[in-house]
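Undergrad: Pasting a structure here, questions to come.
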Amino acid sequence: MNTTKGKTAIRRLTACGFLFAAACSSQGDPAGGGDAAVDPATLCVASDCGEKTLLLTIADAENLRFSDDGRLFVSGGSNVYEVTRDGDGYAATPLYAGSCNFTGLAIVRGTLYANCFDGRLYAAPLDAHPALQPIHALGLHAPNGLAEGPDGELYVANGPLATNALPDPKIVRLRLDPADPLKVSEQSDWLASGLIAPNGLQRRDRTLYVSDLGLSSRGSSLGVIRAIAIAADGSAGAVTPFARFGAVPDDFSFVGDALLAAFYSSGQIALIGADGTVQSKTAALGFSFPSQVRAGRAPLFAPDELLVTEKGILGDTTSPIGNRLSVFRRKP
């Protein structure tokens with residue numbers, strides 16, 4: 001979730017107790033997203049067994065992504081950073097020679113991709129010193145979640161709300177030039193209906209999952225993660241609910257046959273089982289409006305350490321409330 005107006009609106013409505021209705025790291029990676037292979041049953045995703053530690057200050061921390069070899073990239077309200085070891089701590093190196101409100105991250109064919117709220121897709125080869133550059137004008141006002149497709153394509157979630165345009169909830173597909181991963185050869189609207197305010201976007205096998213508002217006439221849920229199959233011909237299948245929550249989810253990640261989800265509105269992270277039910281979650285307000293959570297990867301982290309981006313107070317990029325990358329570990 002990325003816009004000040006959009007998040008402020010959702011926070012205000014949630015506080016009132018209701019929301020208005022209608023309001024492959026490399027090609028061939030079966031899961032997508034660079035997620036670690038760890039048994040979800042071994043994870044501590046509850047406040048009675050784990051505790052949070054601040055790792056780095058990152059303004060408007062938004063999303064995070066591991067490469068297959070364990071490099072960690074984090075997006076924020078002004079840049080994308082690579083996180084590296086620095087003695088006993090960590091350092092964050094900016095990858096863009098400028099400033100932009102970066103959101104979703106993806107890796108395809110050794111190239112890092114990042115959405116930005118200036119309406120452009122950025123990319124950089126994952127060499128020793130990646131340097132992001134804009135490569136494609138998306139024509140979207142709220143490019144947010146970003147995911148690798150099973151055939152080397154990219155998917156972009158447009159939403160939940162733009163700062164300077166009416167909502168246009170949809171998922172866009174980008175095909176990359178087979179000869180040059182820094183060129184987009186085709187853009188099309190892959191899914192233009194069935195969504196309210198799409199946000200985080202991830203893939204497992206040939207299914208895309210997207211976090212969304214889960215409004216219903218009976219007010220049974222605030223948030224939902226929806227599933228959309230990618231057909232053999234590349235088209236979108238039916239939109240079906242995978243999991244429903246009493247909180248608004250932001251982005252999420254896969255771990256084994258389960259999901260790790262960041263509950264933006266309630267300040268929690270949660271483990272979601274393969275059947276879509278919440279298996280465990282941290283105490284409410286333990287995180288400052290978390291936006292993404294992923295299991296760690298060597299060499300920087302152990303697989304049972306959970307990395308969390310905390311966005312914090314909207315419009316505030318300097319206070320210790322949010323604006324950080326944290327790790328949730330099992331207590332000694």
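Here's how to read the names in the structure tokens: chain A, B, ... by the order shown, residue numbers from 1 in each chain, ligand numbers from 1 in the order shown.
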Within 6 Å of range 184-188 of chain A, counting only C-alpha atoms, which residues qualify if same-chain residues fewer than 6 places away don't, as an NGL selection string?
TA: :A and (172-177)
Undergrad: Go ahead and save the residues from that selection, with N, CA, C and O atoms, as a PDB file, in the first residue's frame.
TA:
```
ATOM      1  N   VAL A 172      -1.883  -5.764 -14.728  1.00  0.00           N
ATOM      2  CA  VAL A 172      -1.305  -5.581 -16.056  1.00  0.00           C
ATOM      3  C   VAL A 172      -0.193  -6.604 -16.262  1.00  0.00           C
ATOM      4  O   VAL A 172       0.559  -6.913 -15.333  1.00  0.00           O
ATOM      5  N   ARG A 173      -0.096  -7.149 -17.467  1.00  0.00           N
ATOM      6  CA  ARG A 173       0.990  -8.078 -17.804  1.00  0.00           C
ATOM      7  C   ARG A 173       2.005  -7.388 -18.703  1.00  0.00           C
ATOM      8  O   ARG A 173       1.638  -6.702 -19.669  1.00  0.00           O
ATOM      9  N   LEU A 174       3.274  -7.595 -18.394  1.00  0.00           N
ATOM     10  CA  LEU A 174       4.369  -7.072 -19.201  1.00  0.00           C
ATOM     11  C   LEU A 174       5.184  -8.239 -19.743  1.00  0.00           C
ATOM     12  O   LEU A 174       5.635  -9.091 -18.972  1.00  0.00           O
ATOM     13  N   ARG A 175       5.345  -8.291 -21.049  1.00  0.00           N
ATOM     14  CA  ARG A 175       6.242  -9.282 -21.654  1.00  0.00           C
ATOM     15  C   ARG A 175       7.578  -8.598 -21.929  1.00  0.00           C
ATOM     16  O   ARG A 175       7.618  -7.476 -22.449  1.00  0.00           O
ATOM     17  N   LEU A 176       8.656  -9.281 -21.576  1.00  0.00           N
ATOM     18  CA  LEU A 176       9.996  -8.736 -21.744  1.00  0.00           C
ATOM     19  C   LEU A 176      10.618  -9.237 -23.039  1.00  0.00           C
ATOM     20  O   LEU A 176      10.338 -10.355 -23.490  1.00  0.00           O
ATOM     21  N   ASP A 177      11.453  -8.415 -23.625  1.00  0.00           N
ATOM     22  CA  ASP A 177      12.157  -8.776 -24.853  1.00  0.00           C
ATOM     23  C   ASP A 177      13.053  -9.983 -24.576  1.00  0.00           C
ATOM     24  O   ASP A 177      13.893  -9.942 -23.674  1.00  0.00           O
TER      25      ASP A 177
END
```
Undergrad: Would you tabulate, counting only C-alpha atoms, all residues of range 223-317 of chain A that have an atom at most 6 Å from an atom of range 57-77 of chain A, showing the closest pair of atoms and their distance in Å to one decimal, sorted by chain then ascending number, as CSV?
TA:
```
residue,atom,partner,partner_atom,distance
A:Ser291,CA,A:Glu62,CA,5.6
A:Gln292,CA,A:Asn63,CA,5.5
A:Arg297,CA,A:Gly70,CA,5.4
A:Ala298,CA,A:Gly70,CA,5.6
A:Thr309,CA,A:Ala61,CA,5.3
A:Glu310,CA,A:Ala61,CA,5.8
A:Lys311,CA,A:Asp60,CA,4.7
A:Thr317,CA,A:Ala59,CA,4.9
```
Undergrad: Would you please work out which residue, of A:Gly159, A:Pro332, A:Gly110, A:Gly286, is nearest to Ala46 in chain A when using only C-alpha atoms?
TA: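 Between A:Gly159, A:Pro332, A:Gly110, A:Gly286, the residue approaching Ala46 in chain A most closely is A:Gly286.
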Undergrad: Which residues are close to Cys44 in chain A, i.e. within 10 Å by only C-alpha atoms, leaving aside same-chain residues fewer than 3 positions away? Reply as number ranges by chain.
TA: A: 40-41, 47-51, 270-271, 280-282, 304-306, 328-331
Undergrad: If you run DSSP over the backbone, which residues in range 199-263 of chain A end up strand (DSSP E)? Put them as a PyMOL selection string.
TA: chain A and resi 201-204+207-213+223-230+236-245+249-255+258-263
Undergrad: So that I can check the surroundings of Ser326 in chain A, please list as a PDB file with N, CA and C atoms, in the first residue's frame every protein, DNA and RNA residue that reaches within 6 Å of it, counting only C-alpha atoms and ignoring chain neighbours fewer than 2 positions away.
TA:
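Once written, selection_3.pdb looks like this:
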```pdb
ATOM      1  N   THR A  53      13.245  -6.882  16.295  1.00  0.00           N
ATOM      2  CA  THR A  53      14.474  -6.103  16.428  1.00  0.00           C
ATOM      3  C   THR A  53      14.614  -5.190  15.210  1.00  0.00           C
ATOM      4  N   LEU A  54      14.929  -3.922  15.447  1.00  0.00           N
ATOM      5  CA  LEU A  54      15.173  -2.985  14.363  1.00  0.00           C
ATOM      6  C   LEU A  54      16.501  -3.301  13.689  1.00  0.00           C
ATOM      7  N   LEU A  55      16.478  -3.378  12.348  1.00  0.00           N
ATOM      8  CA  LEU A  55      17.715  -3.602  11.611  1.00  0.00           C
ATOM      9  C   LEU A  55      18.238  -2.328  10.970  1.00  0.00           C
ATOM     10  N   LEU A 307      11.761 -11.175   8.024  1.00  0.00           N
ATOM     11  CA  LEU A 307      12.067  -9.784   7.700  1.00  0.00           C
ATOM     12  C   LEU A 307      10.763  -9.044   7.444  1.00  0.00           C
ATOM     13  N   VAL A 308      10.603  -7.863   8.048  1.00  0.00           N
ATOM     14  CA  VAL A 308       9.359  -7.107   7.958  1.00  0.00           C
ATOM     15  C   VAL A 308       9.664  -5.654   7.618  1.00  0.00           C
TER      16      VAL A 308
END
```
Undergrad: Which value, in Å to one decimal, gives the distance between CA of Tyr96 in chain A and CA of Leu132 in chain A?
TA: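 Distance reported for this atom pair: 5.1 Å.
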